[in-house]
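J.: final.txt is reproduced in full below (compact mmCIF, C-alpha atoms and all ligand atoms).
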# COMPACT_ATOMS: atom_id res chain seq x y z
CA MET A 28 -17.42 -0.88 62.24
CA ASN A 29 -19.51 -2.87 64.71
CA THR A 30 -23.04 -1.68 65.33
CA GLN A 31 -23.10 1.53 67.37
CA ARG A 32 -25.53 1.67 70.29
CA ILE A 33 -26.57 5.28 70.49
CA CYS A 34 -27.93 7.44 73.29
CA ILE A 35 -29.64 10.62 72.05
CA LEU A 36 -29.84 13.27 74.76
CA GLY A 37 -32.70 15.54 73.68
CA SER A 38 -34.23 13.23 71.06
CA THR A 39 -37.47 15.21 70.66
CA GLY A 40 -35.70 18.39 69.54
CA SER A 41 -34.72 19.45 66.06
CA ILE A 42 -31.27 17.78 66.20
CA GLY A 43 -32.74 14.70 67.90
CA VAL A 44 -35.37 14.18 65.21
CA ASN A 45 -32.78 14.59 62.43
CA THR A 46 -30.48 12.13 64.20
CA LEU A 47 -33.23 9.50 64.34
CA ASP A 48 -33.91 10.09 60.65
CA VAL A 49 -30.27 9.31 59.75
CA ILE A 50 -30.07 6.31 62.12
CA ALA A 51 -33.18 4.76 60.53
CA ARG A 52 -31.37 4.72 57.16
CA HIS A 53 -28.64 2.42 58.55
CA PRO A 54 -30.28 -0.43 60.46
CA ASP A 55 -27.22 -2.69 60.03
CA THR A 56 -24.71 -0.38 61.70
CA LEU A 57 -26.65 2.11 63.85
CA SER A 58 -29.06 1.28 66.66
CA VAL A 59 -30.83 3.32 69.33
CA TYR A 60 -30.16 2.36 72.94
CA ALA A 61 -31.57 5.37 74.84
CA LEU A 62 -33.64 8.49 74.18
CA SER A 63 -34.42 11.46 76.41
CA ALA A 64 -36.91 14.32 76.47
CA HIS A 65 -37.81 17.11 78.85
CA SER A 66 -41.25 17.80 77.39
CA ARG A 67 -43.37 16.43 74.52
CA ILE A 68 -43.42 13.02 76.20
CA GLU A 69 -45.95 11.57 73.73
CA ARG A 70 -43.49 12.29 70.94
CA LEU A 71 -40.79 10.50 72.93
CA ALA A 72 -43.04 7.45 73.27
CA GLU A 73 -43.58 7.42 69.52
CA GLN A 74 -39.83 7.72 68.90
CA ALA A 75 -39.04 4.92 71.36
CA ARG A 76 -41.60 2.65 69.72
CA ALA A 77 -40.33 3.34 66.20
CA SER A 78 -36.62 3.02 67.06
CA GLY A 79 -36.80 0.12 69.52
CA ALA A 80 -35.05 2.13 72.28
CA GLN A 81 -34.36 0.05 75.38
CA VAL A 82 -34.15 3.00 77.77
CA VAL A 83 -35.90 6.37 77.97
CA ILE A 84 -35.10 9.22 80.34
CA VAL A 85 -37.80 11.68 81.42
CA PRO A 86 -37.66 14.43 84.06
CA ASP A 87 -40.02 13.17 86.76
CA ASP A 88 -42.85 10.86 87.87
CA ALA A 89 -45.54 12.87 86.10
CA ALA A 90 -43.64 12.47 82.82
CA ARG A 91 -43.23 8.75 83.53
CA ARG A 92 -47.01 8.39 83.84
CA ARG A 93 -47.55 10.31 80.62
CA PHE A 94 -45.06 8.05 78.88
CA GLU A 95 -46.82 4.92 80.15
CA GLN A 96 -50.22 6.26 79.04
CA ALA A 97 -48.91 7.03 75.56
CA TRP A 98 -47.30 3.59 75.20
CA PRO A 99 -49.21 1.06 73.04
CA ALA A 100 -50.95 -1.64 75.13
CA GLY A 101 -49.44 -5.11 74.92
CA ARG A 102 -45.91 -4.00 73.98
CA PRO A 103 -43.14 -4.36 76.56
CA LEU A 104 -42.25 -0.93 78.00
CA PRO A 105 -38.68 0.31 77.72
CA GLU A 106 -36.87 0.93 80.98
CA ILE A 107 -37.86 4.42 82.20
CA ARG A 108 -35.20 6.40 84.06
CA LEU A 109 -35.88 9.69 85.83
CA GLY A 110 -34.10 13.00 86.28
CA ALA A 111 -30.88 14.80 85.42
CA GLN A 112 -28.61 12.29 87.17
CA SER A 113 -30.05 9.54 84.95
CA LEU A 114 -29.11 11.58 81.87
CA ALA A 115 -25.47 11.62 82.99
CA ASP A 116 -25.54 7.96 84.11
CA THR A 117 -27.02 6.81 80.79
CA ALA A 118 -24.52 8.87 78.79
CA ALA A 119 -21.81 6.90 80.63
CA ASP A 120 -23.67 3.54 80.51
CA PRO A 121 -21.37 0.69 79.36
CA GLN A 122 -24.14 -0.39 76.93
CA VAL A 123 -23.73 2.90 75.04
CA THR A 124 -21.00 3.34 72.40
CA THR A 125 -22.09 6.72 71.03
CA VAL A 126 -23.75 9.77 72.57
CA MET A 127 -25.50 12.52 70.64
CA ALA A 128 -25.51 15.56 72.96
CA ALA A 129 -28.53 17.50 71.67
CA ILE A 130 -30.05 19.04 74.78
CA VAL A 131 -30.37 22.81 74.46
CA GLY A 132 -28.51 25.10 76.86
CA ALA A 133 -26.14 24.64 79.76
CA ALA A 134 -28.67 22.09 81.11
CA GLY A 135 -26.96 19.65 78.73
CA LEU A 136 -23.49 20.14 80.20
CA PRO A 137 -23.44 17.51 83.00
CA ALA A 138 -24.53 14.66 80.72
CA ALA A 139 -22.22 15.70 77.85
CA LEU A 140 -19.33 15.87 80.30
CA ALA A 141 -20.26 12.45 81.69
CA ALA A 142 -20.06 11.02 78.15
CA ALA A 143 -16.61 12.59 77.70
CA ARG A 144 -15.43 11.19 81.04
CA ALA A 145 -16.69 7.75 80.04
CA GLY A 146 -14.59 7.92 76.85
CA LYS A 147 -17.55 7.66 74.47
CA ARG A 148 -17.78 8.55 70.84
CA LEU A 149 -19.38 11.94 71.43
CA LEU A 150 -21.34 13.83 68.79
CA LEU A 151 -21.62 17.35 70.19
CA ALA A 152 -24.46 19.62 69.08
CA ASN A 153 -24.90 21.24 72.52
CA LYS A 154 -22.54 24.18 71.99
CA GLU A 155 -23.50 25.80 75.32
CA ALA A 156 -21.63 22.96 77.08
CA LEU A 157 -18.35 24.09 75.47
CA VAL A 158 -19.08 27.78 76.01
CA ALA A 159 -19.67 27.26 79.72
CA ALA A 160 -16.96 24.70 80.38
CA GLY A 161 -14.61 24.45 77.38
CA GLY A 162 -11.37 23.92 79.30
CA LEU A 163 -12.83 21.32 81.63
CA PHE A 164 -14.64 19.59 78.80
CA MET A 165 -11.66 19.32 76.44
CA ALA A 166 -9.43 18.09 79.27
CA ALA A 167 -11.99 15.33 80.01
CA VAL A 168 -12.12 14.37 76.33
CA ARG A 169 -8.34 14.04 76.14
CA GLU A 170 -7.87 12.36 79.50
CA HIS A 171 -10.51 9.69 78.92
CA GLY A 172 -9.92 9.09 75.21
CA ALA A 173 -13.36 10.20 74.03
CA GLU A 174 -13.80 10.67 70.27
CA LEU A 175 -15.26 14.17 69.94
CA LEU A 176 -17.08 14.91 66.68
CA PRO A 177 -18.51 18.41 66.17
CA ILE A 178 -22.09 18.50 64.87
CA ASP A 179 -22.70 22.26 64.76
CA SER A 180 -22.63 22.75 60.98
CA GLU A 181 -19.81 25.34 61.00
CA HIS A 182 -17.56 23.24 63.21
CA ASN A 183 -18.37 20.12 61.30
CA ALA A 184 -17.41 21.97 58.09
CA ILE A 185 -14.13 23.13 59.65
CA PHE A 186 -13.43 19.62 60.89
CA GLN A 187 -13.93 18.33 57.35
CA CYS A 188 -11.54 20.98 55.97
CA MET A 189 -8.78 20.35 58.52
CA PRO A 190 -5.52 18.62 57.52
CA ALA A 191 -5.89 14.84 57.09
CA GLY A 192 -5.91 12.97 60.37
CA TYR A 193 -6.71 16.04 62.50
CA ARG A 194 -8.58 15.14 65.69
CA SER A 195 -10.21 17.68 68.05
CA SER A 196 -9.94 15.02 70.74
CA VAL A 197 -6.15 15.10 70.73
CA SER A 198 -4.80 18.46 69.55
CA GLN A 199 -3.88 21.11 72.07
CA GLN A 200 -2.57 23.62 69.53
CA PRO A 201 -3.73 24.93 66.15
CA ALA A 202 -3.22 22.44 63.32
CA ALA A 203 0.06 23.02 61.45
CA GLY A 204 -0.33 25.20 58.37
CA VAL A 205 -3.72 26.60 59.39
CA ARG A 206 -3.78 30.39 59.56
CA ARG A 207 -7.41 31.17 60.37
CA LEU A 208 -10.87 29.68 60.71
CA LEU A 209 -13.61 31.49 58.77
CA LEU A 210 -17.02 30.96 60.35
CA THR A 211 -19.96 31.73 58.08
CA ALA A 212 -23.20 33.23 59.42
CA SER A 213 -26.46 33.76 57.57
CA GLY A 214 -27.22 37.04 59.33
CA GLY A 215 -30.63 35.64 60.33
CA PRO A 216 -34.07 37.06 59.63
CA PHE A 217 -33.15 40.68 60.54
CA ARG A 218 -29.99 41.11 58.45
CA THR A 219 -31.56 43.92 56.44
CA THR A 220 -34.46 44.97 58.72
CA ASP A 221 -34.65 48.69 59.54
CA LEU A 222 -32.94 49.00 62.96
CA ALA A 223 -35.81 51.17 64.25
CA LEU A 224 -38.23 48.25 63.75
CA LEU A 225 -36.27 45.74 65.85
CA ASP A 226 -37.88 46.98 69.09
CA SER A 227 -41.20 45.49 68.11
CA VAL A 228 -40.27 42.17 66.45
CA THR A 229 -42.18 39.12 67.72
CA PRO A 230 -40.86 35.68 68.75
CA ASP A 231 -42.35 34.13 65.61
CA GLN A 232 -40.57 36.67 63.40
CA ALA A 233 -37.28 36.02 65.22
CA CYS A 234 -37.72 32.26 64.82
CA ALA A 235 -38.45 32.47 61.08
CA HIS A 236 -34.89 31.72 60.00
CA PRO A 237 -34.36 32.25 56.28
CA ASN A 238 -32.41 29.01 55.67
CA TRP A 239 -32.42 26.63 58.66
CA SER A 240 -35.23 24.98 60.59
CA MET A 241 -34.12 24.73 64.25
CA GLY A 242 -35.31 24.83 67.86
CA ARG A 243 -36.66 28.19 69.07
CA LYS A 244 -33.78 29.14 71.37
CA ILE A 245 -31.06 28.71 68.73
CA SER A 246 -33.31 30.44 66.18
CA VAL A 247 -33.44 33.57 68.36
CA ASP A 248 -29.68 33.29 68.91
CA SER A 249 -29.24 33.25 65.13
CA ALA A 250 -31.35 36.40 64.81
CA THR A 251 -29.24 38.26 67.42
CA MET A 252 -26.05 36.56 66.18
CA LEU A 253 -25.24 35.63 69.76
CA ASN A 254 -25.23 32.16 68.21
CA LYS A 255 -22.19 33.11 66.13
CA GLY A 256 -20.50 34.44 69.26
CA LEU A 257 -21.12 31.11 71.01
CA GLU A 258 -19.72 29.40 67.92
CA VAL A 259 -16.50 31.46 67.98
CA ILE A 260 -15.99 30.29 71.58
CA GLU A 261 -16.89 26.73 70.54
CA ALA A 262 -14.35 26.86 67.68
CA HIS A 263 -11.69 28.21 70.03
CA TRP A 264 -12.02 25.11 72.23
CA LEU A 265 -12.61 22.50 69.53
CA PHE A 266 -9.68 23.56 67.36
CA ALA A 267 -7.35 25.02 70.03
CA MET A 268 -7.44 28.26 68.03
CA PRO A 269 -6.81 31.76 69.47
CA VAL A 270 -9.92 33.90 69.14
CA ASP A 271 -8.14 36.53 67.02
CA ARG A 272 -7.61 33.83 64.38
CA ILE A 273 -11.35 33.09 64.08
CA GLN A 274 -13.21 35.39 61.72
CA VAL A 275 -16.96 35.69 61.21
CA VAL A 276 -18.20 36.26 57.65
CA ILE A 277 -21.84 36.86 56.74
CA HIS A 278 -22.96 34.58 53.94
CA PRO A 279 -26.72 34.93 53.43
CA GLN A 280 -27.24 31.78 51.32
CA SER A 281 -25.95 29.37 54.06
CA MET A 282 -24.46 26.98 51.51
CA VAL A 283 -20.79 27.44 52.50
CA HIS A 284 -20.88 26.07 56.04
CA SER A 285 -17.43 27.42 57.03
CA MET A 286 -13.82 27.52 55.83
CA VAL A 287 -10.22 26.93 56.84
CA GLU A 288 -7.52 29.33 55.62
CA TYR A 289 -4.01 27.92 55.20
CA ASP A 290 -0.56 29.56 55.29
CA ASP A 291 -0.05 28.97 51.57
CA GLY A 292 -3.10 31.12 50.68
CA SER A 293 -5.51 28.22 50.16
CA ILE A 294 -9.00 28.42 51.61
CA LEU A 295 -10.87 25.11 51.92
CA ALA A 296 -14.65 25.27 52.27
CA GLN A 297 -17.39 22.71 52.86
CA LEU A 298 -20.63 23.31 50.96
CA GLY A 299 -24.00 21.61 51.02
CA GLN A 300 -27.70 22.13 51.58
CA PRO A 301 -28.52 23.74 54.93
CA ASP A 302 -29.75 20.44 56.41
CA MET A 303 -28.36 19.17 59.73
CA ARG A 304 -28.58 15.56 58.56
CA THR A 305 -25.30 16.11 56.64
CA PRO A 306 -23.14 16.92 59.72
CA ILE A 307 -25.07 14.35 61.77
CA ALA A 308 -24.40 11.62 59.19
CA TYR A 309 -20.76 12.70 59.07
CA GLY A 310 -20.50 12.26 62.84
CA LEU A 311 -22.35 8.94 62.88
CA GLY A 312 -20.40 7.47 59.97
CA PHE A 313 -16.95 8.93 60.71
CA PRO A 314 -14.47 8.14 59.25
CA GLN A 315 -16.74 6.75 56.52
CA ARG A 316 -19.28 8.79 54.52
CA ILE A 317 -22.82 7.46 54.80
CA ASP A 318 -26.19 8.34 53.27
CA SER A 319 -27.87 11.25 55.07
CA GLY A 320 -31.00 11.62 52.99
CA VAL A 321 -29.92 15.15 51.99
CA GLY A 322 -30.28 16.13 48.33
CA LEU A 323 -27.32 17.43 46.37
CA LEU A 324 -26.62 21.12 46.02
CA SER A 325 -26.93 22.54 42.51
CA LEU A 326 -24.42 25.37 42.20
CA ALA A 327 -25.78 26.44 38.82
CA ALA A 328 -29.32 26.70 40.24
CA LEU A 329 -27.95 28.70 43.18
CA GLY A 330 -26.11 31.04 40.79
CA ARG A 331 -24.14 33.09 43.31
CA LEU A 332 -22.59 33.11 46.77
CA ASP A 333 -22.38 36.42 48.69
CA PHE A 334 -20.13 37.40 51.60
CA GLU A 335 -20.07 40.51 53.80
CA GLU A 336 -18.66 41.83 57.10
CA PRO A 337 -20.87 41.56 60.20
CA ASP A 338 -22.10 44.89 61.63
CA PHE A 339 -21.62 45.19 65.41
CA LEU A 340 -24.24 47.97 65.64
CA ARG A 341 -26.89 45.71 64.21
CA PHE A 342 -25.60 42.70 66.14
CA PRO A 343 -24.43 43.94 69.57
CA CYS A 344 -24.60 40.35 70.90
CA LEU A 345 -21.66 39.41 68.68
CA ARG A 346 -19.59 42.24 70.14
CA LEU A 347 -20.57 41.12 73.67
CA ALA A 348 -19.43 37.57 72.91
CA TYR A 349 -15.99 38.82 71.81
CA GLU A 350 -15.77 40.93 74.98
CA ALA A 351 -16.67 37.92 77.13
CA MET A 352 -14.00 35.81 75.43
CA ARG A 353 -11.39 38.43 76.17
CA ALA A 354 -12.52 38.68 79.81
CA GLY A 355 -12.21 34.93 80.43
CA GLN A 356 -14.09 31.72 81.12
CA GLY A 357 -16.26 33.16 83.91
CA ALA A 358 -17.52 35.86 81.57
CA CYS A 359 -18.39 33.21 78.95
CA VAL A 360 -20.48 31.39 81.57
CA ALA A 361 -22.25 34.68 82.39
CA LEU A 362 -22.77 35.52 78.69
CA ASN A 363 -24.43 32.19 78.05
CA ALA A 364 -26.52 32.14 81.23
CA ALA A 365 -27.79 35.72 80.76
CA ASN A 366 -28.67 34.94 77.15
CA GLU A 367 -30.61 31.81 78.13
CA VAL A 368 -32.62 33.81 80.67
CA ALA A 369 -33.25 36.73 78.30
CA VAL A 370 -34.20 34.55 75.32
CA ALA A 371 -36.62 32.44 77.40
CA ARG A 372 -38.34 35.67 78.51
CA PHE A 373 -38.41 37.03 74.97
CA LEU A 374 -39.95 33.78 73.71
CA SER A 375 -42.64 33.92 76.41
CA GLY A 376 -43.54 37.48 75.41
CA ALA A 377 -42.22 39.04 78.64
CA LEU A 378 -39.20 40.87 77.18
CA GLY A 379 -38.64 43.00 74.07
CA TYR A 380 -36.17 41.76 71.47
CA THR A 381 -33.73 44.67 71.83
CA ARG A 382 -33.52 44.12 75.58
CA ILE A 383 -31.72 40.79 75.03
CA PRO A 384 -28.28 42.41 74.46
CA ARG A 385 -28.94 44.88 77.29
CA ILE A 386 -29.63 42.08 79.78
CA ILE A 387 -26.47 40.27 78.66
CA GLU A 388 -24.36 43.43 78.91
CA GLY A 389 -25.80 44.26 82.34
CA CYS A 390 -25.10 40.75 83.58
CA LEU A 391 -21.51 40.84 82.27
CA GLU A 392 -21.02 44.13 84.15
CA ARG A 393 -22.44 42.75 87.39
CA MET A 394 -20.31 39.63 87.13
CA ALA A 395 -17.22 41.55 85.97
CA GLY A 396 -15.14 40.61 89.01
CA ARG A 397 -15.70 36.93 88.20
CA GLY A 398 -14.74 37.07 84.51
CA GLY A 399 -11.42 35.32 84.93
CA ALA A 400 -12.65 32.91 87.65
CA ALA A 401 -10.86 29.55 87.68
CA LEU A 402 -13.52 27.04 86.68
CA ASP A 403 -11.84 23.72 87.20
CA SER A 404 -14.84 21.65 88.26
CA LEU A 405 -18.39 21.10 87.06
CA GLU A 406 -19.64 22.34 90.44
CA ALA A 407 -17.76 25.64 90.05
CA VAL A 408 -19.20 26.15 86.56
CA LEU A 409 -22.76 25.37 87.68
CA ALA A 410 -22.47 27.65 90.73
CA LEU A 411 -21.35 30.59 88.57
CA ASP A 412 -24.02 29.75 86.00
CA GLY A 413 -26.67 29.91 88.74
CA GLU A 414 -25.34 33.21 90.03
CA ALA A 415 -25.40 34.74 86.55
CA ARG A 416 -28.96 33.49 85.96
CA ARG A 417 -30.12 35.19 89.16
CA ALA A 418 -28.38 38.43 88.15
CA ALA A 419 -29.96 38.28 84.68
CA ALA A 420 -33.44 37.52 86.08
CA ASP A 421 -33.06 40.53 88.35
CA LEU A 422 -32.12 42.72 85.38
CA CYS A 423 -35.22 41.55 83.49
CA MET A 424 -37.51 43.08 86.15
P1 LIG B 501 -34.70 21.94 70.58
O1 LIG B 501 -35.25 22.97 71.48
O2 LIG B 501 -35.41 21.64 69.32
O3 LIG B 501 -34.57 20.55 71.41
C1 LIG B 501 -33.97 20.49 72.66
C2 LIG B 501 -34.06 19.09 73.27
O4 LIG B 501 -33.50 19.17 74.61
C3 LIG B 501 -35.48 18.55 73.42
O5 LIG B 501 -35.46 17.16 73.26
C4 LIG B 501 -35.83 18.91 74.86
O6 LIG B 501 -36.83 18.03 75.44
C5 LIG B 501 -34.50 18.75 75.56
N1 LIG B 501 -34.36 19.62 76.74
C6 LIG B 501 -34.67 20.94 76.82
N2 LIG B 501 -34.40 21.42 78.05
C7 LIG B 501 -33.92 20.37 78.76
C8 LIG B 501 -33.47 20.23 80.11
N3 LIG B 501 -33.47 21.27 80.97
N4 LIG B 501 -33.03 19.02 80.52
C9 LIG B 501 -33.05 17.96 79.68
N5 LIG B 501 -33.45 18.04 78.38
C10 LIG B 501 -33.88 19.23 77.93
O7 LIG B 501 -33.17 22.35 70.30
P2 LIG B 501 -32.29 22.02 69.00
O8 LIG B 501 -32.52 23.06 67.98
O9 LIG B 501 -32.41 20.58 68.62
O10 LIG B 501 -30.82 22.29 69.58
C11 LIG B 501 -30.18 21.38 70.45
C12 LIG B 501 -28.73 21.81 70.62
O11 LIG B 501 -28.05 21.69 69.37
C13 LIG B 501 -28.57 23.28 71.05
O12 LIG B 501 -27.47 23.37 71.91
C14 LIG B 501 -28.29 23.99 69.75
O13 LIG B 501 -27.51 25.16 69.94
C15 LIG B 501 -27.50 22.94 69.00
N6 LIG B 501 -27.58 23.08 67.53
C16 LIG B 501 -28.78 22.96 66.92
C17 LIG B 501 -28.87 23.10 65.54
C18 LIG B 501 -30.18 22.92 64.82
O14 LIG B 501 -30.21 22.92 63.60
N7 LIG B 501 -31.30 22.76 65.50
C19 LIG B 501 -27.72 23.39 64.80
C20 LIG B 501 -26.51 23.51 65.46
C21 LIG B 501 -26.44 23.35 66.84
MG MG B 502 -24.13 26.54 63.76
In structure tokens, what does this structure look like?

T.:
Amino acid sequence: MNTQRICILGSTGSIGVNTLDVIARHPDTLSVYALSAHSRIERLAEQARASGAQVVIVPDDAARRRFEQAWPAGRPLPEIRLGAQSLADTAADPQVTTVMAAIVGAAGLPAALAAARAGKRLLLANKEALVAAGGLFMAAVREHGAELLPIDSEHNAIFQCMPAGYRSSVSQQPAAGVRRLLLTASGGPFRTTDLALLDSVTPDQACAHPNWSMGRKISVDSATMLNKGLEVIEAHWLFAMPVDRIQVVIHPQSMVHSMVEYDDGSILAQLGQPDMRTPIAYGLGFPQRIDSGVGLLSLAALGRLDFEEPDFLRFPCLRLAYEAMRAGQGACVALNAANEVAVARFLSGALGYTRIPRIIEGCLERMAGRGGAALDSLEAVLALDGEARRAAADLCM
């Protein structure tokens, strides 16, 4: 393959940093064209210097000045682009072959969609983009010939276990011979915590994931298991699979990253260390396998793998996600938006942990009439997203 010129949307985050780590291992085939960050601008400057990025995207003029101050004197500055429109324009830039969509939240949707519409090789970590706009997004991928590669570890595992030649970018129905998708979930830090204690858990406790090191928003989502609900919706769109054929299984060791069940009784699983560099390297190298820097998994040292059913009483957010899926695309937008609002407040100390599902449920009720809304444009999705955020903010009062 010729050298890929990569744009990382959200390079300073957990996925962004892991992506740069894998790229640096393959200087002959992978190069960085553009990087973006919303905060931690000094870190962005360091990344741009180390990777030789030609373009950086920051939110505004103040961030531009911080970038320039952090830049080493005497070195030519990269081109600095500003604002959300520049994120979408750069994702579609003819100089870019490959986009890593690693912004957190629905904020990443416009740029990820722009990459799909420009027919890029698109490595998708930003699951909220598919939750909010799955139909629109997959239609853009197909129409414009984008190569969509799932990076979320479960979806990457499923993609690896699909029949040979399967492409998310093309299929509009479940792959032949596949009966169900089995999504594994760790159960997060509160899998066995006394339910009565959940009222008083702190953001740091919620973010202390037993197996994965991730950004704070997705860490809280893993604790509530709303993350797994978002992933069921994500799997529905990526693999054209009806929701009732996607099952969630708790697997506390996080070594089996997910499975595909076939009509003949076979179950294929992908295993490995819980390290995002494996799915990232899979996406960057596809269809080849390339070095990721991840150590091998010793099954004998691990000893055992456990599986159990998820408990909807402990994890009401998972139940709410299934309800939203049944209600329709508008409800999925509301689910995601309300969760983003509630989690941000929880992380800032303004909301108790157990109020997160209550805010989501309240928002779904308020938006009930809009559950099945036809969301056939980005503008329609963003308008509904804004409405749901206002409703959720109101409920947080
Ligand atoms: P993070 O919080 O560590 O990083 C987020 C990145 O997005 C940062 O670079 C930040 O500057 C940027 N960003 C934040 N808000 C923005 C905005 N409004 N506009 C533009 N840029 C913005 O998050 P993360 O853990 O790297 O997760 C990124 C995405 O990948 C999420 O959608 C998450 O669900 C998904 N994901 C992450 C992991 C993981 O291991 N971290 C695993 C699977 C999926
Ligand atoms: Mg995941």

J.: Hey, which of A:Ile35, A:Met303, A:Cys234, A:Leu140 ends up closest to ligand LIG 501 (chain B)? Count all atoms listed in the file.

T.: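 Counting all atoms listed in the file, the residue closest to ligand LIG 501 (chain B) is A:Met303.
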
J.: Give me the residues within 12 Å of Val49 (chain A) as a ChimeraX atom specification, counting all atoms listed in the file and dropping any in the same chain fewer than 2 places off.

T.: /A:42-47,51-54,56-59,78,302-312,317-321

J.: Can you build me a table of chain A residues sitting at most 7 Å from ligand LIG 501 (chain B), with the closest atom pair per residue and its distance in Å to one decimal, using only C-alpha atoms and all ligand atoms, sorted by chain and residue number, as a tab-separated table?

T.:
residue	atom	partner	partner_atom	distance
A:Leu36	CA	B:LIG501	O4	6.9
A:Gly37	CA	B:LIG501	O5	3.2
A:Ser38	CA	B:LIG501	O5	4.7
A:Thr39	CA	B:LIG501	O5	3.8
A:Gly40	CA	B:LIG501	O3	3.1
A:Ser41	CA	B:LIG501	O9	3.6
A:Ile42	CA	B:LIG501	O9	3.9
A:Gly43	CA	B:LIG501	O9	5.9
A:Ser63	CA	B:LIG501	O5	6.6
A:Ala64	CA	B:LIG501	O6	3.9
A:His65	CA	B:LIG501	O6	3.7
A:Ser66	CA	B:LIG501	O6	4.8
A:Arg67	CA	B:LIG501	O6	6.8
A:Ala111	CA	B:LIG501	N4	6.8
A:Ala129	CA	B:LIG501	C11	4.4
A:Ile130	CA	B:LIG501	O4	3.5
A:Val131	CA	B:LIG501	C13	3.9
A:Gly132	CA	B:LIG501	O12	5.3
A:Ala134	CA	B:LIG501	N3	4.9
A:Gly135	CA	B:LIG501	N4	6.4
A:Ala152	CA	B:LIG501	O11	4.2
A:Asn153	CA	B:LIG501	O12	3.4
A:Lys154	CA	B:LIG501	O12	5.0
A:Glu155	CA	B:LIG501	O12	5.8
A:Ile178	CA	B:LIG501	C20	6.7
A:Asp179	CA	B:LIG501	C20	4.1
A:Ser180	CA	B:LIG501	C20	6.0
A:Trp239	CA	B:LIG501	O14	6.6
A:Ser240	CA	B:LIG501	O14	6.2
A:Met241	CA	B:LIG501	N7	3.7
A:Gly242	CA	B:LIG501	O8	3.3
A:Arg243	CA	B:LIG501	O1	5.9
A:Lys244	CA	B:LIG501	O1	6.3
A:Ile245	CA	B:LIG501	O13	5.2
A:Met303	CA	B:LIG501	O14	5.7

J.: Which polymer residues have any atom within 6 Å of an atom of region 352-367 of chain A, counting all atoms listed in the file, with same-chain residues fewer than 3 positions away left out, as a list in words?

T.: Ala159, Tyr349, Val370, Ile387, Arg397, Gly398, Gly399, Ala400, Asp412, Ala415, Arg416 and Ala419 of chain A

J.: Please check which protein, DNA or RNA residues sit within 8 Å of ligand MG 502 (chain B), counting all atoms listed in the file, and write them as a PDB file with C-alpha atoms, in the coordinates of the input.

T.:
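And here is the file that came out, pocket-v5.pdb:
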ATOM      1  CA  ASP A 179     -22.700  22.260  64.760  1.00  0.00           C
ATOM      2  CA  SER A 180     -22.630  22.750  60.980  1.00  0.00           C
ATOM      3  CA  GLU A 181     -19.810  25.340  61.000  1.00  0.00           C
ATOM      4  CA  HIS A 182     -17.560  23.240  63.210  1.00  0.00           C
ATOM      5  CA  ASN A 254     -25.230  32.160  68.210  1.00  0.00           C
ATOM      6  CA  LYS A 255     -22.190  33.110  66.130  1.00  0.00           C
ATOM      7  CA  GLU A 258     -19.720  29.400  67.920  1.00  0.00           C
TER       8      GLU A 258
END

J.: Here is a test: counting all atoms listed in the file, which residue of A:Lys147, A:Arg194, A:Arg417, A:His171 is nearest to Thr117 (chain A)?

T.: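 With all atoms listed in the file as the atom set, the closest residue is A:Lys147.
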
J.: Could you tell me how far CA of Ala89 (chain A) lies from CA of Gln74 (chain A), in Å and to one decimal?

T.: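 CA of Gln74 (chain A) lies 18.8 Å from CA of Ala89 (chain A).
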
J.: Between A:Ala418, A:Ala327, A:Gln297, A:Val247, single out the one closest to Gln232 (chain A), counting all atoms listed in the file.

T.: A:Val247

J.: One decimal, Å: what's the distance from CA of Ala371 (chain A) over to CA of Ser227 (chain A), could you say?

T.: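 Between CA of Ala371 (chain A) and CA of Ser227 (chain A) the gap works out to 16.7 Å.
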
J.: Please report the interatomic distance between CA of Gly299 (chain A) and CA of Glu174 (chain A) in Å with one decimal.

T.: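 About the pair CA of Gly299 (chain A) and CA of Glu174 (chain A): they are 24.4 Å apart.
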
J.: If you count only C-alpha atoms, which residues fall within 9 Å of Ala167 (chain A), apart from same-chain ones fewer than 3 positions away, as a ChimeraX atom specification?

T.: /A:140-141,143-146,162-164,170-173

J.: Which is closest to Ala262 (chain A) among A:Leu329, A:Leu175, A:Leu157, A:Leu345, if we use all atoms listed in the file?

T.: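 Between A:Leu329, A:Leu175, A:Leu157, A:Leu345, the residue approaching Ala262 (chain A) most closely is A:Leu157.
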
J.: May I have the protein, DNA and RNA residues with any atom at most 7 Å from the point (-28.4, 39.3, 76.2), counting only C-alpha atoms, written as a list in words?

T.: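 Applying the cut-off with only C-alpha atoms, one gets Cys344, Ala365, Asn366, Ala369, Ile383, Pro384, Arg385, Ile386, Ile387 and Glu388 of chain A.
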
J.: Which one of A:Thr381, A:Ser195, A:Ser213, A:Ser113 sits closest to Met252 (chain A) if you count only C-alpha atoms?

T.: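 Looking only at the distances to Met252 (chain A), the closest residue turns out to be A:Ser213.
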
J.: Using all atoms listed in the file, which of the listed residues (A:Val123, A:Leu326, A:Phe266, A:Ala90) sits closest to Pro190 (chain A)?

T.: A:Phe266

J.: Tell me which protein, DNA and RNA residues are within 12 Å of Ser325 (chain A), counting all atoms listed in the file, leaving out same-chain ones fewer than 3 positions away, and put them as JSON, numbers by chain.

T.: {"A": [282, 298, 299, 300, 322, 328, 329, 330, 331]}

J.: May I have the protein, DNA and RNA residues with an atom at most 9 Å from (-25.2, 41.2, 66.5), counting all atoms listed in the file in the file's coordinates, returned as a ChimeraX atom specification?

T.: /A:214,250-253,255-256,337-347,384
